[in-house]
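Participant: Contents of start-v2.pdb (PDB, C-alpha atoms):
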```pdb
ATOM      1  CA  MET R  10      61.400 -20.766-213.184  1.00  0.00           C
ATOM      2  CA  VAL R  11      60.600 -23.138-210.357  1.00  0.00           C
ATOM      3  CA  LEU R  12      56.841 -22.784-210.692  1.00  0.00           C
ATOM      4  CA  GLY R  13      56.738 -22.164-214.432  1.00  0.00           C
ATOM      5  CA  LYS R  14      55.116 -18.744-213.947  1.00  0.00           C
ATOM      6  CA  SER R  15      55.637 -15.524-215.829  1.00  0.00           C
ATOM      7  CA  HIS R  16      57.724 -12.734-214.327  1.00  0.00           C
ATOM      8  CA  LEU R  17      54.569 -10.610-214.409  1.00  0.00           C
ATOM      9  CA  ASP R  18      52.760 -12.828-211.887  1.00  0.00           C
ATOM     10  CA  ASP R  19      52.523 -11.896-208.221  1.00  0.00           C
ATOM     11  CA  SER R  20      55.877 -12.712-206.599  1.00  0.00           C
ATOM     12  CA  LYS R  21      54.427 -12.680-203.076  1.00  0.00           C
ATOM     13  CA  ALA R  22      51.952 -15.431-203.957  1.00  0.00           C
ATOM     14  CA  MET R  23      54.741 -17.494-205.529  1.00  0.00           C
ATOM     15  CA  LEU R  24      56.931 -17.135-202.417  1.00  0.00           C
ATOM     16  CA  ILE R  25      54.026 -18.293-200.257  1.00  0.00           C
ATOM     17  CA  THR R  26      53.469 -21.295-202.549  1.00  0.00           C
ATOM     18  CA  VAL R  27      57.048 -22.555-202.227  1.00  0.00           C
ATOM     19  CA  HIS R  28      57.368 -21.301-198.608  1.00  0.00           C
ATOM     20  CA  TRP R  29      60.446 -19.150-199.325  1.00  0.00           C
ATOM     21  CA  LEU R  30      61.393 -15.925-197.604  1.00  0.00           C
ATOM     22  CA  PRO R  31      62.087 -12.665-199.468  1.00  0.00           C
ATOM     23  CA  VAL R  32      65.729 -11.560-199.655  1.00  0.00           C
ATOM     24  CA  LYS R  33      65.380  -8.963-196.870  1.00  0.00           C
ATOM     25  CA  ALA R  34      63.900 -11.595-194.556  1.00  0.00           C
ATOM     26  CA  GLY R  35      66.736 -13.972-195.444  1.00  0.00           C
ATOM     27  CA  ILE R  36      69.284 -11.350-194.422  1.00  0.00           C
ATOM     28  CA  GLU R  37      67.450 -10.774-191.136  1.00  0.00           C
ATOM     29  CA  HIS R  38      67.366 -14.555-190.603  1.00  0.00           C
ATOM     30  CA  LYS R  39      71.172 -14.812-190.953  1.00  0.00           C
ATOM     31  CA  ILE R  40      71.855 -11.864-188.662  1.00  0.00           C
ATOM     32  CA  ALA R  41      69.391 -13.130-186.040  1.00  0.00           C
ATOM     33  CA  LEU R  42      71.106 -16.526-186.150  1.00  0.00           C
ATOM     34  CA  ILE R  43      74.494 -14.885-185.501  1.00  0.00           C
ATOM     35  CA  CYS R  44      72.937 -13.004-182.573  1.00  0.00           C
ATOM     36  CA  PHE R  45      71.487 -16.277-181.236  1.00  0.00           C
ATOM     37  CA  TYR R  46      74.969 -17.785-181.173  1.00  0.00           C
ATOM     38  CA  VAL R  47      76.230 -14.735-179.258  1.00  0.00           C
ATOM     39  CA  VAL R  48      73.461 -15.022-176.667  1.00  0.00           C
ATOM     40  CA  GLN R  49      74.146 -18.761-176.299  1.00  0.00           C
ATOM     41  CA  SER R  50      77.919 -17.999-175.949  1.00  0.00           C
ATOM     42  CA  SER R  51      78.806 -20.280-178.851  1.00  0.00           C
ATOM     43  CA  ALA R  52      79.894 -17.595-181.346  1.00  0.00           C
ATOM     44  CA  THR R  53      83.505 -16.909-182.202  1.00  0.00           C
ATOM     45  CA  LEU R  54      85.367 -14.483-179.956  1.00  0.00           C
ATOM     46  CA  TYR R  55      85.578 -11.619-182.440  1.00  0.00           C
ATOM     47  CA  ILE R  56      81.804 -11.672-182.939  1.00  0.00           C
ATOM     48  CA  GLN R  57      81.247 -11.849-179.176  1.00  0.00           C
ATOM     49  CA  ASP R  58      83.379  -8.687-178.923  1.00  0.00           C
ATOM     50  CA  ILE R  59      81.141  -6.912-181.462  1.00  0.00           C
ATOM     51  CA  LEU R  60      77.785  -7.929-179.944  1.00  0.00           C
ATOM     52  CA  GLN R  61      77.372  -7.623-176.187  1.00  0.00           C
ATOM     53  CA  PRO R  62      74.502  -9.116-174.147  1.00  0.00           C
ATOM     54  CA  TYR R  63      72.434  -6.610-172.184  1.00  0.00           C
ATOM     55  CA  VAL R  64      73.043  -6.871-168.453  1.00  0.00           C
ATOM     56  CA  PRO R  65      70.933  -4.447-166.377  1.00  0.00           C
ATOM     57  CA  LYS R  66      72.616  -2.678-163.452  1.00  0.00           C
ATOM     58  CA  CYS R  67      69.901  -3.721-161.029  1.00  0.00           C
ATOM     59  CA  ASN R  68      67.416  -6.590-160.886  1.00  0.00           C
ATOM     60  CA  LEU R  69      64.827  -5.866-163.605  1.00  0.00           C
ATOM     61  CA  ARG R  70      62.233  -7.907-165.454  1.00  0.00           C
ATOM     62  CA  SER R  71      64.332  -7.537-168.596  1.00  0.00           C
ATOM     63  CA  HIS R  72      67.155  -9.520-166.962  1.00  0.00           C
ATOM     64  CA  ASP R  73      65.999 -12.813-168.521  1.00  0.00           C
ATOM     65  CA  SER R  74      64.793 -11.398-171.839  1.00  0.00           C
ATOM     66  CA  LYS R  75      68.111 -12.120-173.655  1.00  0.00           C
ATOM     67  CA  LEU R  76      68.557  -8.667-175.190  1.00  0.00           C
ATOM     68  CA  LEU R  77      71.676  -7.256-176.860  1.00  0.00           C
ATOM     69  CA  VAL R  78      73.233  -3.835-176.307  1.00  0.00           C
ATOM     70  CA  ALA R  79      72.612  -1.564-179.282  1.00  0.00           C
ATOM     71  CA  SER R  80      75.565   0.676-180.070  1.00  0.00           C
ATOM     72  CA  ARG R  81      75.276   4.100-181.632  1.00  0.00           C
ATOM     73  CA  ALA R  82      76.703   4.523-185.121  1.00  0.00           C
ATOM     74  CA  ASN R  83      78.442   7.758-186.042  1.00  0.00           C
ATOM     75  CA  LEU R  84      77.963   7.341-189.783  1.00  0.00           C
ATOM     76  CA  LYS R  85      74.379   7.325-190.963  1.00  0.00           C
ATOM     77  CA  SER R  86      74.987   5.643-194.310  1.00  0.00           C
ATOM     78  CA  PHE R  87      77.395   2.838-193.403  1.00  0.00           C
ATOM     79  CA  GLY R  88      77.165   2.781-189.605  1.00  0.00           C
ATOM     80  CA  ASP R  89      73.539   1.655-189.613  1.00  0.00           C
ATOM     81  CA  ARG R  90      74.471  -1.330-191.770  1.00  0.00           C
ATOM     82  CA  SER R  91      77.192  -2.618-189.466  1.00  0.00           C
ATOM     83  CA  LEU R  92      76.678  -5.802-187.471  1.00  0.00           C
ATOM     84  CA  SER R  93      77.191  -3.967-184.181  1.00  0.00           C
ATOM     85  CA  GLU R  94      74.254  -1.680-184.995  1.00  0.00           C
ATOM     86  CA  PHE R  95      71.931  -3.793-187.149  1.00  0.00           C
ATOM     87  CA  GLY R  96      72.343  -7.053-185.186  1.00  0.00           C
ATOM     88  CA  PRO R  97      70.945  -5.801-181.860  1.00  0.00           C
ATOM     89  CA  THR R  98      68.211  -3.895-183.697  1.00  0.00           C
ATOM     90  CA  ILE R  99      66.984  -7.083-185.360  1.00  0.00           C
ATOM     91  CA  TRP R 100      67.513  -9.267-182.275  1.00  0.00           C
ATOM     92  CA  ASN R 101      65.730  -6.909-179.866  1.00  0.00           C
ATOM     93  CA  SER R 102      62.783  -6.561-182.270  1.00  0.00           C
ATOM     94  CA  LEU R 103      62.116 -10.320-182.201  1.00  0.00           C
ATOM     95  CA  PRO R 104      59.315 -11.484-179.910  1.00  0.00           C
ATOM     96  CA  GLN R 105      60.464 -13.008-176.644  1.00  0.00           C
ATOM     97  CA  SER R 106      58.977 -16.371-177.631  1.00  0.00           C
ATOM     98  CA  VAL R 107      61.562 -16.538-180.430  1.00  0.00           C
ATOM     99  CA  ARG R 108      64.493 -15.168-178.392  1.00  0.00           C
ATOM    100  CA  ILE R 109      64.113 -17.631-175.497  1.00  0.00           C
ATOM    101  CA  SER R 110      64.636 -20.718-177.668  1.00  0.00           C
ATOM    102  CA  ASP R 111      67.092 -23.131-176.093  1.00  0.00           C
ATOM    103  CA  SER R 112      68.280 -25.006-179.201  1.00  0.00           C
ATOM    104  CA  VAL R 113      69.320 -23.917-182.674  1.00  0.00           C
ATOM    105  CA  GLY R 114      66.646 -26.045-184.338  1.00  0.00           C
ATOM    106  CA  ALA R 115      63.833 -24.584-182.259  1.00  0.00           C
ATOM    107  CA  PHE R 116      65.156 -21.059-182.815  1.00  0.00           C
ATOM    108  CA  LYS R 117      65.358 -21.469-186.600  1.00  0.00           C
ATOM    109  CA  LYS R 118      61.837 -22.881-186.770  1.00  0.00           C
ATOM    110  CA  ARG R 119      60.330 -20.091-184.652  1.00  0.00           C
ATOM    111  CA  LEU R 120      62.329 -17.413-186.464  1.00  0.00           C
ATOM    112  CA  GLN R 121      61.330 -18.609-189.918  1.00  0.00           C
ATOM    113  CA  THR R 122      57.673 -18.751-188.885  1.00  0.00           C
ATOM    114  CA  PHE R 123      57.891 -15.224-187.454  1.00  0.00           C
ATOM    115  CA  LEU R 124      59.611 -13.790-190.555  1.00  0.00           C
ATOM    116  CA  PHE R 125      57.253 -15.613-192.929  1.00  0.00           C
ATOM    117  CA  THR R 126      54.276 -14.119-191.100  1.00  0.00           C
ATOM    118  CA  LYS R 127      55.884 -10.665-190.940  1.00  0.00           C
ATOM    119  CA  TYR R 128      56.824 -10.386-194.610  1.00  0.00           C
ATOM    120  CA  LEU R 129      54.358 -12.532-196.529  1.00  0.00           C
ATOM    121  CA  LEU R 130      51.132 -12.915-194.603  1.00  0.00           C
ATOM    122  CA  LEU R 131      50.516  -9.328-193.535  1.00  0.00           C
TER     123      LEU R 131
END
```
Spit out the file's structure as structure tokens when you get a sec.
Facilitator:
Amino acid sequence: MVLGKSHLDDSKAMLITVHWLPVKAGIEHKIALICFYVVQSSATLYIQDILQPYVPKCNLRSHDSKLLVASRANLKSFGDRSLSEFGPTIWNSLPQSVRISDSVGAFKKRLQTFLFTKYLLL
């Protein structure tokens, strides 16, 4: 509708034209943003209880990588979709250049560029 194209045209090319993310990438964007707030300690308390930052027991190189602890789900169908399972999976899969952002604006810009490249340009 926006571009005046037929539904038979290539949807990937249309998304690239208007610089929109696919739905799956939009969901990952929202969850990664929630995880960013947890890492920055600005999320609400109940979300900070669900997602825990990774703190190694000894001094490792991963100490400053801003990772989250991934919990194990007991249910395969619904457990994998929970925020406590899916959030750390998405967050830990982001490149460190995206995770180490210090402001929300910089994080959103880097994240959108990463997801756009991952889903539309490959």
Participant: Pull out every residue that the PyMOL selection byres ((chain R and resi 32-42) around 12) matches in the shown coordinates and put them as a ChimeraX atom specification.
Facilitator: /R:21,24,29-31,43-49,51-52,56,60,76-77,90-104,107-108,110,112-129
Participant: Keeping only C-alpha atoms, write those residues as a compact mmCIF listing (two decimals), in the coordinates of the input.
Facilitator:
```txt
# COMPACT_ATOMS: atom_id res chain seq x y z
CA LYS R 21 54.43 -12.68 -203.08
CA LEU R 24 56.93 -17.14 -202.42
CA TRP R 29 60.45 -19.15 -199.32
CA LEU R 30 61.39 -15.92 -197.60
CA PRO R 31 62.09 -12.66 -199.47
CA ILE R 43 74.49 -14.88 -185.50
CA CYS R 44 72.94 -13.00 -182.57
CA PHE R 45 71.49 -16.28 -181.24
CA TYR R 46 74.97 -17.78 -181.17
CA VAL R 47 76.23 -14.74 -179.26
CA VAL R 48 73.46 -15.02 -176.67
CA GLN R 49 74.15 -18.76 -176.30
CA SER R 51 78.81 -20.28 -178.85
CA ALA R 52 79.89 -17.60 -181.35
CA ILE R 56 81.80 -11.67 -182.94
CA LEU R 60 77.78 -7.93 -179.94
CA LEU R 76 68.56 -8.67 -175.19
CA LEU R 77 71.68 -7.26 -176.86
CA ARG R 90 74.47 -1.33 -191.77
CA SER R 91 77.19 -2.62 -189.47
CA LEU R 92 76.68 -5.80 -187.47
CA SER R 93 77.19 -3.97 -184.18
CA GLU R 94 74.25 -1.68 -185.00
CA PHE R 95 71.93 -3.79 -187.15
CA GLY R 96 72.34 -7.05 -185.19
CA PRO R 97 70.94 -5.80 -181.86
CA THR R 98 68.21 -3.90 -183.70
CA ILE R 99 66.98 -7.08 -185.36
CA TRP R 100 67.51 -9.27 -182.28
CA ASN R 101 65.73 -6.91 -179.87
CA SER R 102 62.78 -6.56 -182.27
CA LEU R 103 62.12 -10.32 -182.20
CA PRO R 104 59.32 -11.48 -179.91
CA VAL R 107 61.56 -16.54 -180.43
CA ARG R 108 64.49 -15.17 -178.39
CA SER R 110 64.64 -20.72 -177.67
CA SER R 112 68.28 -25.01 -179.20
CA VAL R 113 69.32 -23.92 -182.67
CA GLY R 114 66.65 -26.04 -184.34
CA ALA R 115 63.83 -24.58 -182.26
CA PHE R 116 65.16 -21.06 -182.82
CA LYS R 117 65.36 -21.47 -186.60
CA LYS R 118 61.84 -22.88 -186.77
CA ARG R 119 60.33 -20.09 -184.65
CA LEU R 120 62.33 -17.41 -186.46
CA GLN R 121 61.33 -18.61 -189.92
CA THR R 122 57.67 -18.75 -188.88
CA PHE R 123 57.89 -15.22 -187.45
CA LEU R 124 59.61 -13.79 -190.56
CA PHE R 125 57.25 -15.61 -192.93
CA THR R 126 54.28 -14.12 -191.10
CA LYS R 127 55.88 -10.66 -190.94
CA TYR R 128 56.82 -10.39 -194.61
CA LEU R 129 54.36 -12.53 -196.53
```
Participant: Would you work out the distance separating atom CA of R:Tyr55 from atom CA of R:Gln105, expressed in Å to one decimal?
Facilitator: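 Interatomic distance, atom CA of R:Tyr55 to atom CA of R:Gln105: 25.8 Å.
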Participant: Mind pulling up the distance from atom CA of R:Val78 to atom CA of R:Gln61?
Facilitator: 5.6 Å
Participant: I'd like the interatomic distance between atom CA of R:Ile59 and atom CA of R:Asp111, to a tenth of an Å.
Facilitator: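 Computed distance, atom CA of R:Ile59 to atom CA of R:Asp111, equals 22.1 Å.
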